$ cat start-v7.pdb   # PDB, N, CA and C atoms
MODEL        1
ATOM      1  N   MET A   1     109.113  91.988 102.176
ATOM      2  CA  MET A   1     107.703  92.303 102.092
ATOM      3  C   MET A   1     107.186  92.659 103.474
ATOM      4  N   PRO A   2     106.271  93.602 103.549
ATOM      5  CA  PRO A   2     105.754  94.015 104.851
ATOM      6  C   PRO A   2     104.825  92.957 105.457
ATOM      7  N   SER A   3     104.719  93.003 106.772
ATOM      8  CA  SER A   3     103.768  92.138 107.466
ATOM      9  C   SER A   3     102.740  93.019 108.159
ATOM     10  N   PHE A   4     101.596  92.411 108.473
ATOM     11  CA  PHE A   4     100.483  93.148 109.053
ATOM     12  C   PHE A   4     100.026  92.472 110.331
ATOM     13  N   LYS A   5      99.820  93.268 111.384
ATOM     14  CA  LYS A   5      99.321  92.743 112.650
ATOM     15  C   LYS A   5      97.864  92.318 112.478
ATOM     16  N   ILE A   6      97.506  91.230 113.145
ATOM     17  CA  ILE A   6      96.130  90.751 113.129
ATOM     18  C   ILE A   6      95.563  90.873 114.536
ATOM     19  N   ASP A   7      94.438  91.559 114.645
ATOM     20  CA  ASP A   7      93.779  91.784 115.934
ATOM     21  C   ASP A   7      92.815  90.641 116.224
ATOM     22  N   LEU A   8      93.100  89.877 117.264
ATOM     23  CA  LEU A   8      92.235  88.771 117.656
ATOM     24  C   LEU A   8      91.474  89.072 118.945
ATOM     25  N   SER A   9      91.382  90.349 119.312
ATOM     26  CA  SER A   9      90.793  90.719 120.602
ATOM     27  C   SER A   9      89.327  90.316 120.732
ATOM     28  N   THR A  10      88.604  90.175 119.640
ATOM     29  CA  THR A  10      87.198  89.777 119.712
ATOM     30  C   THR A  10      86.986  88.345 119.233
ATOM     31  N   ALA A  11      88.050  87.649 118.896
ATOM     32  CA  ALA A  11      87.952  86.298 118.334
ATOM     33  C   ALA A  11      88.059  85.223 119.413
ATOM     34  N   ILE A  12      87.528  84.067 119.083
ATOM     35  CA  ILE A  12      87.713  82.855 119.876
ATOM     36  C   ILE A  12      88.635  81.966 119.058
ATOM     37  N   VAL A  13      89.701  81.457 119.682
ATOM     38  CA  VAL A  13      90.698  80.678 118.951
ATOM     39  C   VAL A  13      90.876  79.313 119.616
ATOM     40  N   PHE A  14      90.837  78.259 118.799
ATOM     41  CA  PHE A  14      91.034  76.892 119.262
ATOM     42  C   PHE A  14      92.127  76.220 118.433
ATOM     43  N   VAL A  15      92.811  75.270 119.039
ATOM     44  CA  VAL A  15      93.773  74.455 118.308
ATOM     45  C   VAL A  15      92.986  73.480 117.435
ATOM     46  N   ALA A  16      93.299  73.457 116.149
ATOM     47  CA  ALA A  16      92.671  72.510 115.227
ATOM     48  C   ALA A  16      93.582  71.306 114.990
ATOM     49  N   THR A  17      94.875  71.576 114.824
ATOM     50  CA  THR A  17      95.855  70.499 114.662
ATOM     51  C   THR A  17      97.047  70.791 115.565
ATOM     52  N   PRO A  18      97.608  69.762 116.190
ATOM     53  CA  PRO A  18      98.716  69.978 117.131
ATOM     54  C   PRO A  18      99.976  70.471 116.427
ATOM     55  N   PRO A  19     100.909  71.037 117.191
ATOM     56  CA  PRO A  19     102.154  71.540 116.605
ATOM     57  C   PRO A  19     102.944  70.426 115.922
ATOM     58  N   GLU A  20     103.504  70.765 114.778
ATOM     59  CA  GLU A  20     104.397  69.860 114.049
ATOM     60  C   GLU A  20     105.630  70.646 113.650
ATOM     61  N   PRO A  21     106.780  70.017 113.626
ATOM     62  CA  PRO A  21     107.985  70.729 113.194
ATOM     63  C   PRO A  21     107.821  71.224 111.759
ATOM     64  N   LYS A  22     108.229  72.463 111.515
ATOM     65  CA  LYS A  22     108.205  73.007 110.162
ATOM     66  C   LYS A  22     109.519  72.613 109.493
ATOM     67  N   MET A  23     109.417  72.018 108.321
ATOM     68  CA  MET A  23     110.593  71.495 107.647
ATOM     69  C   MET A  23     110.997  72.380 106.471
ATOM     70  N   VAL A  24     112.298  72.544 106.284
ATOM     71  CA  VAL A  24     112.838  73.215 105.108
ATOM     72  C   VAL A  24     112.894  72.194 103.976
ATOM     73  N   ASN A  25     113.324  70.979 104.337
ATOM     74  CA  ASN A  25     113.458  69.913 103.353
ATOM     75  C   ASN A  25     113.029  68.609 104.014
ATOM     76  N   LYS A  26     111.898  68.073 103.592
ATOM     77  CA  LYS A  26     111.388  66.841 104.201
ATOM     78  C   LYS A  26     112.270  65.638 103.886
ATOM     79  N   LYS A  27     112.902  65.644 102.727
ATOM     80  CA  LYS A  27     113.756  64.509 102.340
ATOM     81  C   LYS A  27     114.976  64.393 103.247
ATOM     82  N   THR A  28     115.587  65.518 103.572
ATOM     83  CA  THR A  28     116.791  65.497 104.403
ATOM     84  C   THR A  28     116.475  65.626 105.888
ATOM     85  N   GLY A  29     115.240  66.016 106.213
ATOM     86  CA  GLY A  29     114.861  66.206 107.609
ATOM     87  C   GLY A  29     115.313  67.537 108.178
ATOM     88  N   GLU A  30     115.725  68.467 107.308
ATOM     89  CA  GLU A  30     116.189  69.771 107.778
ATOM     90  C   GLU A  30     115.010  70.594 108.276
ATOM     91  N   ARG A  31     115.093  71.013 109.530
ATOM     92  CA  ARG A  31     114.016  71.775 110.159
ATOM     93  C   ARG A  31     114.222  73.270 109.964
ATOM     94  N   ALA A  32     113.130  73.991 109.769
ATOM     95  CA  ALA A  32     113.181  75.451 109.654
ATOM     96  C   ALA A  32     113.488  76.042 111.022
ATOM     97  N   VAL A  33     114.301  77.113 111.031
ATOM     98  CA  VAL A  33     114.652  77.777 112.278
ATOM     99  C   VAL A  33     114.389  79.273 112.172
ATOM    100  N   ASP A  34     114.113  79.876 113.305
ATOM    101  CA  ASP A  34     113.911  81.314 113.381
ATOM    102  C   ASP A  34     115.247  82.004 113.136
ATOM    103  N   ARG A  35     115.266  82.961 112.232
ATOM    104  CA  ARG A  35     116.513  83.636 111.866
ATOM    105  C   ARG A  35     117.113  84.442 113.014
ATOM    106  N   GLU A  36     116.259  84.996 113.871
ATOM    107  CA  GLU A  36     116.749  85.832 114.959
ATOM    108  C   GLU A  36     117.216  85.026 116.171
ATOM    109  N   SER A  37     116.408  84.054 116.587
ATOM    110  CA  SER A  37     116.719  83.332 117.824
ATOM    111  C   SER A  37     117.399  81.983 117.598
ATOM    112  N   GLY A  38     117.269  81.436 116.401
ATOM    113  CA  GLY A  38     117.816  80.115 116.130
ATOM    114  C   GLY A  38     116.932  78.980 116.616
ATOM    115  N   ALA A  39     115.765  79.313 117.204
ATOM    116  CA  ALA A  39     114.839  78.287 117.691
ATOM    117  C   ALA A  39     114.172  77.579 116.521
ATOM    118  N   GLY A  40     113.923  76.282 116.687
ATOM    119  CA  GLY A  40     113.186  75.534 115.677
ATOM    120  C   GLY A  40     111.777  76.091 115.531
ATOM    121  N   LEU A  41     111.226  75.987 114.320
ATOM    122  CA  LEU A  41     109.881  76.480 114.067
ATOM    123  C   LEU A  41     108.885  75.329 114.005
ATOM    124  N   SER A  42     107.694  75.598 114.485
ATOM    125  CA  SER A  42     106.598  74.636 114.426
ATOM    126  C   SER A  42     105.415  75.276 113.724
ATOM    127  N   THR A  43     104.537  74.430 113.202
ATOM    128  CA  THR A  43     103.311  74.895 112.571
ATOM    129  C   THR A  43     102.138  74.339 113.371
ATOM    130  N   VAL A  44     101.168  75.209 113.687
ATOM    131  CA  VAL A  44      99.990  74.833 114.457
ATOM    132  C   VAL A  44      98.756  75.251 113.665
ATOM    133  N   GLY A  45      97.799  74.356 113.534
ATOM    134  CA  GLY A  45      96.531  74.701 112.891
ATOM    135  C   GLY A  45      95.615  75.335 113.912
ATOM    136  N   LEU A  46      95.141  76.553 113.620
ATOM    137  CA  LEU A  46      94.256  77.264 114.537
ATOM    138  C   LEU A  46      92.923  77.566 113.868
ATOM    139  N   LEU A  47      91.840  77.325 114.607
ATOM    140  CA  LEU A  47      90.509  77.699 114.156
ATOM    141  C   LEU A  47      90.176  79.028 114.813
ATOM    142  N   VAL A  48      89.978  80.054 114.003
ATOM    143  CA  VAL A  48      89.686  81.397 114.505
ATOM    144  C   VAL A  48      88.243  81.720 114.163
ATOM    145  N   SER A  49      87.439  81.978 115.185
ATOM    146  CA  SER A  49      86.030  82.306 115.009
ATOM    147  C   SER A  49      85.799  83.744 115.454
ATOM    148  N   ASP A  50      85.272  84.559 114.547
ATOM    149  CA  ASP A  50      85.028  85.967 114.853
ATOM    150  C   ASP A  50      83.903  86.484 113.973
ATOM    151  N   GLU A  51      83.003  87.229 114.563
ATOM    152  CA  GLU A  51      81.884  87.841 113.854
ATOM    153  C   GLU A  51      81.097  86.832 113.019
ATOM    154  N   GLY A  52      80.858  85.643 113.605
ATOM    155  CA  GLY A  52      80.041  84.632 112.947
ATOM    156  C   GLY A  52      80.728  83.858 111.842
ATOM    157  N   GLU A  53      82.032  84.023 111.703
ATOM    158  CA  GLU A  53      82.773  83.328 110.657
ATOM    159  C   GLU A  53      83.950  82.589 111.263
ATOM    160  N   GLY A  54      84.186  81.360 110.829
ATOM    161  CA  GLY A  54      85.319  80.592 111.317
ATOM    162  C   GLY A  54      86.266  80.257 110.184
ATOM    163  N   ASN A  55      87.550  80.366 110.447
ATOM    164  CA  ASN A  55      88.567  80.059 109.440
ATOM    165  C   ASN A  55      89.690  79.265 110.070
ATOM    166  N   LEU A  56      90.296  78.386 109.270
ATOM    167  CA  LEU A  56      91.429  77.598 109.706
ATOM    168  C   LEU A  56      92.699  78.221 109.158
ATOM    169  N   TYR A  57      93.673  78.455 110.035
ATOM    170  CA  TYR A  57      94.946  79.047 109.638
ATOM    171  C   TYR A  57      96.098  78.156 110.112
ATOM    172  N   GLN A  58      97.095  77.989 109.275
ATOM    173  CA  GLN A  58      98.329  77.318 109.666
ATOM    174  C   GLN A  58      99.292  78.420 110.115
ATOM    175  N   VAL A  59      99.655  78.417 111.374
ATOM    176  CA  VAL A  59     100.457  79.489 111.950
ATOM    177  C   VAL A  59     101.825  78.941 112.355
ATOM    178  N   THR A  60     102.870  79.636 111.940
ATOM    179  CA  THR A  60     104.242  79.271 112.296
ATOM    180  C   THR A  60     104.622  79.983 113.585
ATOM    181  N   VAL A  61     105.204  79.209 114.517
ATOM    182  CA  VAL A  61     105.568  79.734 115.835
ATOM    183  C   VAL A  61     106.921  79.129 116.238
ATOM    184  N   PRO A  62     107.823  79.923 116.839
ATOM    185  CA  PRO A  62     109.056  79.329 117.372
ATOM    186  C   PRO A  62     108.707  78.304 118.448
ATOM    187  N   GLU A  63     109.447  77.202 118.503
ATOM    188  CA  GLU A  63     109.125  76.144 119.468
ATOM    189  C   GLU A  63     109.167  76.644 120.904
ATOM    190  N   THR A  64     109.908  77.726 121.159
ATOM    191  CA  THR A  64     109.959  78.299 122.504
ATOM    192  C   THR A  64     108.636  78.958 122.885
ATOM    193  N   GLY A  65     107.762  79.220 121.909
ATOM    194  CA  GLY A  65     106.476  79.852 122.169
ATOM    195  C   GLY A  65     105.292  78.901 122.059
ATOM    196  N   VAL A  66     105.584  77.588 122.049
ATOM    197  CA  VAL A  66     104.521  76.595 121.907
ATOM    198  C   VAL A  66     104.544  75.648 123.104
ATOM    199  N   PRO A  67     103.477  75.624 123.912
ATOM    200  CA  PRO A  67     103.416  74.679 125.032
ATOM    201  C   PRO A  67     103.392  73.239 124.512
ATOM    202  N   GLN A  68     103.943  72.321 125.290
ATOM    203  CA  GLN A  68     104.021  70.916 124.888
ATOM    204  C   GLN A  68     102.652  70.246 124.776
ATOM    205  N   ASP A  69     101.692  70.678 125.583
ATOM    206  CA  ASP A  69     100.424  69.957 125.695
ATOM    207  C   ASP A  69      99.287  70.533 124.850
ATOM    208  N   LEU A  70      99.598  71.215 123.749
ATOM    209  CA  LEU A  70      98.533  71.741 122.897
ATOM    210  C   LEU A  70      97.873  70.595 122.137
ATOM    211  N   THR A  71      96.571  70.419 122.358
ATOM    212  CA  THR A  71      95.834  69.365 121.676
ATOM    213  C   THR A  71      94.620  69.972 120.983
ATOM    214  N   PRO A  72      94.124  69.306 119.941
ATOM    215  CA  PRO A  72      92.945  69.828 119.250
ATOM    216  C   PRO A  72      91.793  70.089 120.224
ATOM    217  N   GLY A  73      91.154  71.232 120.023
ATOM    218  CA  GLY A  73      90.037  71.634 120.872
ATOM    219  C   GLY A  73      90.429  72.553 122.013
ATOM    220  N   THR A  74      91.719  72.697 122.284
ATOM    221  CA  THR A  74      92.196  73.567 123.359
ATOM    222  C   THR A  74      91.963  75.026 122.992
ATOM    223  N   SER A  75      91.355  75.770 123.897
ATOM    224  CA  SER A  75      91.175  77.207 123.704
ATOM    225  C   SER A  75      92.515  77.882 123.963
ATOM    226  N   VAL A  76      92.928  78.778 123.058
ATOM    227  CA  VAL A  76      94.240  79.425 123.194
ATOM    228  C   VAL A  76      94.162  80.917 122.926
ATOM    229  N   SER A  77      95.214  81.615 123.352
ATOM    230  CA  SER A  77      95.447  83.005 122.992
ATOM    231  C   SER A  77      96.686  83.019 122.106
ATOM    232  N   VAL A  78      96.710  83.934 121.156
ATOM    233  CA  VAL A  78      97.830  84.026 120.225
ATOM    234  C   VAL A  78      98.520  85.367 120.441
ATOM    235  N   VAL A  79      99.824  85.330 120.650
ATOM    236  CA  VAL A  79     100.613  86.526 120.912
ATOM    237  C   VAL A  79     101.338  86.941 119.636
ATOM    238  N   GLY A  80     101.149  88.197 119.239
ATOM    239  CA  GLY A  80     101.907  88.761 118.122
ATOM    240  C   GLY A  80     101.629  88.136 116.763
ATOM    241  N   LEU A  81     100.368  87.867 116.455
ATOM    242  CA  LEU A  81     100.034  87.266 115.160
ATOM    243  C   LEU A  81     100.173  88.295 114.039
ATOM    244  N   LYS A  82     100.900  87.896 112.994
ATOM    245  CA  LYS A  82     101.077  88.748 111.817
ATOM    246  C   LYS A  82     100.849  87.936 110.555
ATOM    247  N   ALA A  83     100.389  88.618 109.515
ATOM    248  CA  ALA A  83     100.207  88.015 108.199
ATOM    249  C   ALA A  83     101.181  88.661 107.232
ATOM    250  N   ARG A  84     101.644  87.855 106.288
ATOM    251  CA  ARG A  84     102.601  88.360 105.302
ATOM    252  C   ARG A  84     102.310  87.682 103.966
ATOM    253  N   ASP A  85     102.244  88.467 102.897
ATOM    254  CA  ASP A  85     102.038  87.850 101.594
ATOM    255  C   ASP A  85     103.371  87.377 101.038
ATOM    256  N   TRP A  86     103.327  86.339 100.212
ATOM    257  CA  TRP A  86     104.552  85.787  99.645
ATOM    258  C   TRP A  86     104.302  85.397  98.193
ATOM    259  N   GLU A  87     105.403  85.296  97.467
ATOM    260  CA  GLU A  87     105.334  84.880  96.067
ATOM    261  C   GLU A  87     106.657  84.221  95.708
ATOM    262  N   ASN A  88     106.585  83.128  94.968
ATOM    263  CA  ASN A  88     107.805  82.502  94.472
ATOM    264  C   ASN A  88     107.529  81.827  93.136
ATOM    265  N   GLU A  89     108.596  81.368  92.529
ATOM    266  CA  GLU A  89     108.470  80.677  91.253
ATOM    267  C   GLU A  89     109.141  79.322  91.388
ATOM    268  N   PHE A  90     108.433  78.272  90.955
ATOM    269  CA  PHE A  90     108.957  76.917  91.029
ATOM    270  C   PHE A  90     108.616  76.207  89.734
ATOM    271  N   ASN A  91     109.643  75.715  89.053
ATOM    272  CA  ASN A  91     109.454  75.041  87.760
ATOM    273  C   ASN A  91     108.681  75.896  86.768
ATOM    274  N   GLY A  92     108.969  77.186  86.772
ATOM    275  CA  GLY A  92     108.345  78.092  85.817
ATOM    276  C   GLY A  92     106.937  78.538  86.171
ATOM    277  N   GLN A  93     106.433  78.104  87.309
ATOM    278  CA  GLN A  93     105.084  78.512  87.715
ATOM    279  C   GLN A  93     105.165  79.416  88.937
ATOM    280  N   LYS A  94     104.463  80.544  88.854
ATOM    281  CA  LYS A  94     104.420  81.458  90.000
ATOM    282  C   LYS A  94     103.376  80.969  90.992
ATOM    283  N   ARG A  95     103.744  81.067  92.261
ATOM    284  CA  ARG A  95     102.836  80.723  93.351
ATOM    285  C   ARG A  95     102.797  81.899  94.308
ATOM    286  N   HIS A  96     101.677  82.058  94.988
ATOM    287  CA  HIS A  96     101.568  83.142  95.960
ATOM    288  C   HIS A  96     100.561  82.763  97.031
ATOM    289  N   GLY A  97     100.629  83.455  98.148
ATOM    290  CA  GLY A  97      99.714  83.184  99.241
ATOM    291  C   GLY A  97      99.979  84.119 100.403
ATOM    292  N   ILE A  98      99.408  83.755 101.549
ATOM    293  CA  ILE A  98      99.583  84.521 102.777
ATOM    294  C   ILE A  98     100.093  83.559 103.839
ATOM    295  N   SER A  99     101.158  83.941 104.529
ATOM    296  CA  SER A  99     101.669  83.127 105.627
ATOM    297  C   SER A  99     101.358  83.840 106.941
ATOM    298  N   PHE A 100     101.221  83.053 107.998
ATOM    299  CA  PHE A 100     100.888  83.569 109.322
ATOM    300  C   PHE A 100     101.976  83.184 110.298
ATOM    301  N   ARG A 101     102.363  84.133 111.134
ATOM    302  CA  ARG A 101     103.441  83.914 112.097
ATOM    303  C   ARG A 101     103.044  84.527 113.428
ATOM    304  N   ALA A 102     103.331  83.827 114.511
ATOM    305  CA  ALA A 102     103.046  84.344 115.857
ATOM    306  C   ALA A 102     104.285  84.209 116.731
ATOM    307  N   VAL A 103     104.345  85.022 117.758
ATOM    308  CA  VAL A 103     105.440  84.968 118.728
ATOM    309  C   VAL A 103     105.228  83.780 119.657
ATOM    310  N   ALA A 104     103.971  83.569 120.083
ATOM    311  CA  ALA A 104     103.668  82.484 121.020
ATOM    312  C   ALA A 104     102.180  82.155 120.988
ATOM    313  N   ILE A 105     101.883  80.944 121.449
ATOM    314  CA  ILE A 105     100.506  80.502 121.650
ATOM    315  C   ILE A 105     100.417  80.056 123.104
ATOM    316  N   THR A 106      99.407  80.576 123.821
ATOM    317  CA  THR A 106      99.271  80.226 125.238
ATOM    318  C   THR A 106      97.901  79.602 125.487
ATOM    319  N   PRO A 107      97.835  78.590 126.375
ATOM    320  CA  PRO A 107      96.542  77.972 126.680
ATOM    321  C   PRO A 107      95.605  78.951 127.344
ATOM    322  N   GLY A 108      94.314  78.779 127.102
ATOM    323  CA  GLY A 108      93.291  79.635 127.705
ATOM    324  C   GLY A 108      93.087  80.892 126.906
ATOM    325  N   ALA A 109      91.890  81.427 127.019
ATOM    326  CA  ALA A 109      91.560  82.637 126.253
ATOM    327  C   ALA A 109      91.483  83.848 127.131
TER     328      ALA A 109
ENDMDL
END

$ encode --input "start-v7.pdb" --output "structure tokens"
Amino acid sequence: MPSFKIDLSTAIVFVATPPEPKMVNKKTGERAVDRESGAGLSTVGLLVSDEGEGNLYQVTVPETGVPQDLTPGTSVSVVGLKARDWENEFNGQKRHGISFRAVAITPGA
């Protein structure tokens, strides 16, 4: 499925929730990894405010692109943010949504 670049040039972005390891299987503790680099993946909650509207997004980022000291309220810049729609079937029920992925998150705007 295609992905789409997201322009944050006029947005203000803050960390809403700190990075957490993205898991493939929580029961076994298997962590999700980037297919290209092999780096572990993390999920960061970001509050994006633009044109008078604020939204919370869960963004997946390789651990190599996430600073250790990201805490809620930190102003950040997001490098290479893309959105991708997804769909799957689980127990006979179709699910769908939009996932967000970035190359890196850097402190400061």

$ atom_distance --input "start-v7.pdb" --atom1 "CA of Gly45 in chain A" --atom2 "CA of Tyr57 in chain A"
5.7 Å

$ closest_atom_pairs --input "start-v7.pdb" --of "range 39-71 of chain A" --to "range 76-87 of chain A" --cutoff "9 Å" --atoms "only C-alpha atoms" --output "CSV"
residue,atom,partner,partner_atom,distance
A:Leu46,CA,A:Val76,CA,8.9
A:Val59,CA,A:Leu81,CA,8.4
A:Gly65,CA,A:Val79,CA,9.0
A:Leu70,CA,A:Val76,CA,8.8

$ closest_residue --input "start-v7.pdb" --among "A:Pro62, A:Gly73, A:Asp34, A:Lys26" --to "Ile12 in chain A" --atoms "only C-alpha atoms"
A:Gly73

$ atom_distance --input "start-v7.pdb" --atom1 "CA of Pro67 in chain A" --atom2 "CA of Ser37 in chain A"
17.4 Å

$ closest_residue --input "start-v7.pdb" --among "A:Val61, A:Met23, A:Val103, A:Ala11" --to "Val44 in chain A" --atoms "only N, CA and C atoms"
A:Val61

$ atom_distance --input "start-v7.pdb" --atom1 "atom N of Phe90 in chain A" --atom2 "CA of Leu47 in chain A"
29.3 Å

$ axis_aligned_box --input "start-v7.pdb" --around "range 32-35 of chain A" --padding-each-side "8 Å" --output "AutoDock Vina command-line options"
--center_x 115.1 --center_y 79.2 --center_z 111.5 --size_x 20.0 --size_y 26.5 --size_z 19.7

$ residues_near_point --input "start-v7.pdb" --point "(105.2, 75.4, 115.3)" --cutoff "5 Å" --atoms "only N, CA and C atoms" --output "short mmCIF file (atom, residue, chain, number, x, y, z; two decimals) with N, CA and C atoms, keeping the file's coordinate frame"
data_model
loop_
_atom_site.label_atom_id
_atom_site.label_comp_id
_atom_site.auth_asym_id
_atom_site.auth_seq_id
_atom_site.Cartn_x
_atom_site.Cartn_y
_atom_site.Cartn_z
N GLU A 20 103.50 70.76 114.78
CA GLU A 20 104.40 69.86 114.05
C GLU A 20 105.63 70.65 113.65
N LEU A 41 111.23 75.99 114.32
CA LEU A 41 109.88 76.48 114.07
C LEU A 41 108.88 75.33 114.00
N SER A 42 107.69 75.60 114.48
CA SER A 42 106.60 74.64 114.43
C SER A 42 105.42 75.28 113.72
N THR A 43 104.54 74.43 113.20
CA THR A 43 103.31 74.90 112.57
C THR A 43 102.14 74.34 113.37
N VAL A 44 101.17 75.21 113.69
CA VAL A 44 99.99 74.83 114.46
C VAL A 44 98.76 75.25 113.66
N THR A 60 102.87 79.64 111.94
CA THR A 60 104.24 79.27 112.30
C THR A 60 104.62 79.98 113.58
N VAL A 61 105.20 79.21 114.52
CA VAL A 61 105.57 79.73 115.84
C VAL A 61 106.92 79.13 116.24
#

$ closest_residue --input "start-v7.pdb" --among "A:Ala104, A:Val48, A:Val66, A:Ala39" --to "Pro19 in chain A" --atoms "only C-alpha atoms"
A:Val66
